[in-house]
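Q: Provided below: entry_17.json, containing JSON, C-alpha atoms.
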[["chain", "number", "residue", "atom", "x", "y", "z"],
["A", 17, "MET", "CA", 24.31, 4.31, -49.87],
["A", 18, "LYS", "CA", 25.45, 6.19, -46.76],
["A", 19, "ALA", "CA", 22.06, 7.96, -46.55],
["A", 20, "TYR", "CA", 20.29, 4.59, -46.82],
["A", 21, "ILE", "CA", 22.36, 3.17, -43.93],
["A", 22, "ALA", "CA", 21.76, 6.29, -41.82],
["A", 23, "VAL", "CA", 17.97, 6.05, -42.38],
["A", 24, "LEU", "CA", 18.03, 2.32, -41.60],
["A", 25, "LEU", "CA", 19.94, 2.92, -38.36],
["A", 26, "LEU", "CA", 17.52, 5.70, -37.39],
["A", 27, "VAL", "CA", 14.50, 3.47, -38.00],
["A", 28, "LEU", "CA", 16.06, 0.58, -36.08],
["A", 29, "GLY", "CA", 16.89, 2.94, -33.20],
["A", 30, "CYS", "CA", 13.31, 4.20, -33.06],
["A", 31, "VAL", "CA", 11.88, 0.66, -33.10],
["A", 32, "PHE", "CA", 14.30, -0.51, -30.40],
["A", 33, "GLY", "CA", 13.55, 2.58, -28.27],
["A", 34, "ALA", "CA", 9.80, 1.97, -28.55],
["A", 35, "ILE", "CA", 10.20, -1.67, -27.49],
["A", 36, "VAL", "CA", 12.42, -0.81, -24.52],
["A", 37, "THR", "CA", 10.14, 2.07, -23.43],
["A", 38, "SER", "CA", 7.01, -0.10, -23.52],
["A", 39, "GLU", "CA", 8.84, -2.89, -21.66],
["A", 40, "VAL", "CA", 9.94, -0.50, -18.89],
["A", 41, "ALA", "CA", 6.44, 1.01, -18.62],
["A", 42, "ALA", "CA", 4.94, -2.48, -18.32],
["A", 43, "GLN", "CA", 7.16, -3.24, -15.35],
["A", 44, "GLN", "CA", 6.00, -0.23, -13.28],
["A", 45, "ARG", "CA", 3.21, -1.42, -11.00],
["A", 46, "SER", "CA", -0.05, 0.37, -10.42],
["A", 47, "VAL", "CA", -0.81, 1.31, -6.80],
["A", 48, "GLU", "CA", -4.06, 2.31, -5.15],
["A", 49, "THR", "CA", -3.59, 3.93, -1.73],
["A", 50, "THR", "CA", -6.32, 4.19, 0.90],
["A", 51, "ARG", "CA", -5.36, 6.63, 3.68],
["A", 52, "LEU", "CA", -6.67, 5.41, 7.04],
["A", 53, "LEU", "CA", -5.06, 8.05, 9.27],
["A", 54, "LYS", "CA", -2.82, 11.10, 9.16],
["A", 55, "LYS", "CA", -2.15, 12.66, 12.56],
["A", 56, "ASP", "CA", 0.36, 14.83, 14.38],
["A", 57, "LEU", "CA", 2.23, 12.81, 17.00],
["A", 58, "ASP", "CA", 1.59, 14.16, 20.49],
["A", 59, "GLY", "CA", 4.84, 14.61, 22.39],
["A", 60, "CYS", "CA", 6.94, 14.53, 19.19],
["A", 61, "GLN", "CA", 7.15, 18.13, 18.01],
["A", 62, "GLY", "CA", 7.05, 18.40, 14.21],
["A", 63, "LYS", "CA", 6.32, 14.69, 13.57],
["A", 64, "GLU", "CA", 3.27, 13.04, 12.05],
["A", 65, "VAL", "CA", 2.14, 9.47, 11.45],
["A", 66, "THR", "CA", 0.35, 8.12, 8.39],
["A", 67, "VAL", "CA", -1.42, 4.77, 8.16],
["A", 68, "SER", "CA", -2.42, 3.47, 4.71],
["A", 69, "ILE", "CA", -3.48, 0.37, 2.82],
["A", 70, "LEU", "CA", -1.58, -0.04, -0.47],
["A", 71, "ASP", "CA", -3.07, -2.32, -3.11],
["A", 72, "ALA", "CA", -0.49, -2.87, -5.87],
["A", 73, "GLY", "CA", -0.66, -4.76, -9.13],
["A", 74, "PRO", "CA", 2.22, -6.84, -10.48],
["A", 75, "GLY", "CA", 5.47, -5.04, -11.28],
["A", 76, "THR", "CA", 8.14, -2.99, -9.57],
["A", 77, "SER", "CA", 8.06, 0.11, -7.39],
["A", 78, "SER", "CA", 11.34, 1.39, -8.89],
["A", 79, "TYR", "CA", 14.08, 2.62, -6.56],
["A", 80, "HIS", "CA", 12.86, 5.10, -3.95],
["A", 81, "TYR", "CA", 13.21, 6.07, -0.29],
["A", 82, "HIS", "CA", 11.12, 7.41, 2.55],
["A", 83, "PRO", "CA", 12.36, 10.50, 4.45],
["A", 84, "GLY", "CA", 11.05, 9.01, 7.71],
["A", 85, "GLU", "CA", 10.61, 5.55, 9.18],
["A", 86, "SER", "CA", 8.36, 3.11, 7.32],
["A", 87, "PHE", "CA", 6.78, -0.05, 8.76],
["A", 88, "THR", "CA", 5.07, -2.39, 6.28],
["A", 89, "TYR", "CA", 2.97, -5.47, 7.06],
["A", 90, "ILE", "CA", 2.10, -7.73, 4.11],
["A", 91, "LEU", "CA", -1.62, -8.47, 4.27],
["A", 92, "GLU", "CA", -1.87, -10.44, 1.00],
["A", 93, "GLY", "CA", 0.59, -11.64, -1.63],
["A", 94, "THR", "CA", 4.35, -12.03, -1.91],
["A", 95, "GLN", "CA", 6.91, -9.26, -2.37],
["A", 96, "THR", "CA", 10.64, -9.22, -3.12],
["A", 97, "ARG", "CA", 12.63, -6.31, -1.67],
["A", 98, "GLU", "CA", 16.05, -5.06, -2.77],
["A", 99, "ALA", "CA", 17.76, -2.47, -0.57],
["A", 100, "HIS", "CA", 21.20, -0.94, -0.98],
["A", 101, "GLY", "CA", 23.63, -2.64, 1.38],
["A", 102, "GLN", "CA", 21.26, -5.48, 2.30],
["A", 103, "ALA", "CA", 20.49, -8.96, 0.99],
["A", 104, "THR", "CA", 17.45, -9.32, -1.28],
["A", 105, "THR", "CA", 14.51, -10.78, 0.63],
["A", 106, "THR", "CA", 11.17, -12.29, -0.39],
["A", 107, "LEU", "CA", 8.29, -12.05, 2.05],
["A", 108, "ALA", "CA", 4.73, -13.37, 1.95],
["A", 109, "SER", "CA", 1.51, -12.61, 3.83],
["A", 110, "GLY", "CA", 2.32, -12.01, 7.48],
["A", 111, "GLY", "CA", 5.80, -10.72, 6.65],
["A", 112, "PHE", "CA", 7.09, -7.42, 8.00],
["A", 113, "ILE", "CA", 9.41, -4.84, 6.41],
["A", 114, "TYR", "CA", 11.17, -1.95, 8.14],
["A", 115, "ASP", "CA", 12.71, 0.83, 6.06],
["A", 116, "GLY", "CA", 14.86, 3.33, 7.91],
["A", 117, "PRO", "CA", 14.93, 6.97, 6.85],
["A", 118, "MET", "CA", 16.58, 7.52, 3.45],
["A", 119, "GLN", "CA", 17.05, 3.74, 2.85],
["A", 120, "ILE", "CA", 17.06, 3.37, -0.95],
["A", 121, "HIS", "CA", 15.14, 0.28, -2.00],
["A", 122, "ARG", "CA", 12.70, -1.17, -4.49],
["A", 123, "THR", "CA", 10.06, -3.85, -4.32],
["A", 124, "GLU", "CA", 8.70, -6.26, -6.89],
["A", 125, "ASN", "CA", 5.74, -8.59, -7.01],
["A", 126, "THR", "CA", 4.42, -10.91, -9.73],
["A", 127, "THR", "CA", 0.81, -10.91, -8.48],
["A", 128, "ARG", "CA", -1.43, -8.38, -6.72],
["A", 129, "ILE", "CA", -0.26, -7.46, -3.21],
["A", 130, "LYS", "CA", -1.96, -5.66, -0.31],
["A", 131, "LEU", "CA", 0.11, -3.86, 2.36],
["A", 132, "LEU", "CA", -0.58, -2.06, 5.63],
["A", 133, "VAL", "CA", 1.93, 0.81, 5.82],
["A", 134, "VAL", "CA", 2.69, 3.01, 8.85],
["A", 135, "ARG", "CA", 5.11, 5.91, 8.42],
["A", 136, "VAL", "CA", 6.54, 8.41, 10.90],
["A", 137, "LEU", "CA", 7.66, 11.57, 9.11],
["A", 138, "ASP", "CA", 8.64, 15.16, 9.69],
["A", 139, "LYS", "CA", 5.39, 17.08, 9.34],
["A", 140, "GLY", "CA", 4.70, 18.10, 5.75],
["A", 141, "LYS", "CA", 7.36, 15.86, 4.16],
["A", 142, "PRO", "CA", 6.38, 13.56, 1.27],
["A", 143, "GLU", "CA", 6.00, 9.89, 2.16],
["A", 144, "THR", "CA", 7.99, 8.57, -0.79],
["A", 145, "ILE", "CA", 10.72, 10.07, -3.00],
["A", 146, "ARG", "CA", 12.04, 8.42, -6.17],
["A", 147, "ALA", "CA", 15.78, 7.79, -6.13],
["A", 148, "GLU", "CA", 17.63, 9.26, -9.10]]
How would this structure read if it were set down as structure tokens?
A:
Amino acid sequence: MKAYIAVLLLVLGCVFGAIVTSEVAAQQRSVETTRLLKKDLDGCQGKEVTVSILDAGPGTSSYHYHPGESFTYILEGTQTREAHGQATTTLASGGFIYDGPMQIHRTENTTRIKLLVVRVLDKGKPETIRAE
């Protein structure tokens, strides 16, 4: 009887884990990035600027941060932004988002969204780092 219960609990755990894992994976949005420019900043030793168009499907970005400054203009769609220490905001086309260096945040959208993103970074640093 104890073996039967142990097997039943194991099976239920596996089924529950599979459901939760697929649910979490479904929430992660797909992103296509088109790099428009990457250039060293004249007069700012060791800094570079990147300019990109991000086209993201529905879902969440998960919590992350940018090691430099990030300026985002919403070209199409609506996006909700949660940042540590700040109120949650929802912005639509024409909206503007500023993320300071190391500001942990996540974004979510229920439909496709298109963003123009400008970042100023230390040369060679990644643009985005997932928060643990």
Q: Applying 8 Å and only C-alpha atoms, which residues near stretch 101-116 of chain A remain after dropping the ones on its own chain fewer than 2 positions away? List them as a PyMOL selection string.
A: chain A and resi 82+84-99+118-119
Q: For stretch 141-146 of chain A, find every residue with an atom within 10 Å (counting only C-alpha atoms), except residues of its own chain fewer than 4 positions away, and show them as a short mmCIF file (atom, residue, chain, number, x, y, z; two decimals) with C-alpha atoms, in the frame of the given file.
A:
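Listing of part-v4.cif after writing:
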data_model
loop_
_atom_site.label_atom_id
_atom_site.label_comp_id
_atom_site.auth_asym_id
_atom_site.auth_seq_id
_atom_site.Cartn_x
_atom_site.Cartn_y
_atom_site.Cartn_z
CA LYS A 63 6.32 14.69 13.57
CA GLU A 64 3.27 13.04 12.05
CA THR A 66 0.35 8.12 8.39
CA SER A 77 8.06 0.11 -7.39
CA SER A 78 11.34 1.39 -8.89
CA TYR A 79 14.08 2.62 -6.56
CA HIS A 80 12.86 5.10 -3.95
CA TYR A 81 13.21 6.07 -0.29
CA HIS A 82 11.12 7.41 2.55
CA PRO A 83 12.36 10.50 4.45
CA GLY A 84 11.05 9.01 7.71
CA GLU A 85 10.61 5.55 9.18
CA SER A 86 8.36 3.11 7.32
CA MET A 118 16.58 7.52 3.45
CA ILE A 120 17.06 3.37 -0.95
CA HIS A 121 15.14 0.28 -2.00
CA ARG A 122 12.70 -1.17 -4.49
CA ARG A 135 5.11 5.91 8.42
CA VAL A 136 6.54 8.41 10.90
CA LEU A 137 7.66 11.57 9.11
#
Q: When you draw a straight line from atom CA of A:Pro74 to atom CA of A:Arg51, how long is it in Å?
A: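 Here the two named atoms are 21.0 Å from each other.
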Q: How many Å separate atom CA of A:Thr123 from atom CA of A:Leu52?
A: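 A separation of 22.2 Å between them.
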Q: Considering only C-alpha atoms, can you say which of A:Lys139, A:Gln44, A:Ala147, A:Gly75 comes closest to A:Glu124?
A: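 So, comparing all the options, the nearest one is A:Gly75.
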Q: What is the distance between atom CA of A:Thr50 and atom CA of A:Ile129, in Å to one decimal?
A: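 Computing the Euclidean distance for atom CA of A:Thr50 and atom CA of A:Ile129 yields 13.8 Å.
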Q: Counting only C-alpha atoms, figure out which residue out of A:Ser68, A:Gln61, A:Thr76, A:Glu148 gets nearest to A:Val134.
A: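 Once distances to A:Val134 are computed over only C-alpha atoms, the minimum belongs to A:Ser68.
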Q: Quick one: everything within 10 Å of A:Thr49, counting all atoms listed in the file, minus sequence neighbours fewer than 5 positions away in the same chain. Send it as a PDB file with C-alpha atoms, in the frame of the given file.
A:
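Now in around.pdb:
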ATOM      1  CA  SER A  68      -2.420   3.470   4.710  1.00  0.00           C
ATOM      2  CA  ILE A  69      -3.480   0.370   2.820  1.00  0.00           C
ATOM      3  CA  LEU A  70      -1.580  -0.040  -0.470  1.00  0.00           C
ATOM      4  CA  ASP A  71      -3.070  -2.320  -3.110  1.00  0.00           C
ATOM      5  CA  ALA A  72      -0.490  -2.870  -5.870  1.00  0.00           C
ATOM      6  CA  LYS A 130      -1.960  -5.660  -0.310  1.00  0.00           C
ATOM      7  CA  LEU A 131       0.110  -3.860   2.360  1.00  0.00           C
ATOM      8  CA  LEU A 132      -0.580  -2.060   5.630  1.00  0.00           C
ATOM      9  CA  VAL A 133       1.930   0.810   5.820  1.00  0.00           C
TER      10      VAL A 133
END
Q: Pull stretch 99-116 of chain A out of the block and emit C-alpha atoms, as a CSV table (one decimal), in the first residue's frame.
A:
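Written output follows (result.csv):
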chain,number,residue,atom,x,y,z
A,99,ALA,CA,10.1,47.8,-11.6
A,100,HIS,CA,11.4,47.2,-8.1
A,101,GLY,CA,10.6,50.3,-6.0
A,102,GLN,CA,8.2,51.8,-8.5
A,103,ALA,CA,4.5,51.7,-9.3
A,104,THR,CA,3.4,49.4,-12.1
A,105,THR,CA,2.7,51.3,-15.3
A,106,THR,CA,0.9,50.5,-18.5
A,107,LEU,CA,1.9,52.4,-21.6
A,108,ALA,CA,0.7,52.4,-25.2
A,109,SER,CA,2.0,53.6,-28.6
A,110,GLY,CA,3.8,56.9,-28.1
A,111,GLY,CA,4.7,56.0,-24.5
A,112,PHE,CA,8.3,56.3,-23.3
A,113,ILE,CA,10.2,54.2,-20.7
A,114,TYR,CA,13.5,55.1,-19.0
A,115,ASP,CA,15.4,52.4,-17.2
A,116,GLY,CA,18.4,53.5,-15.2
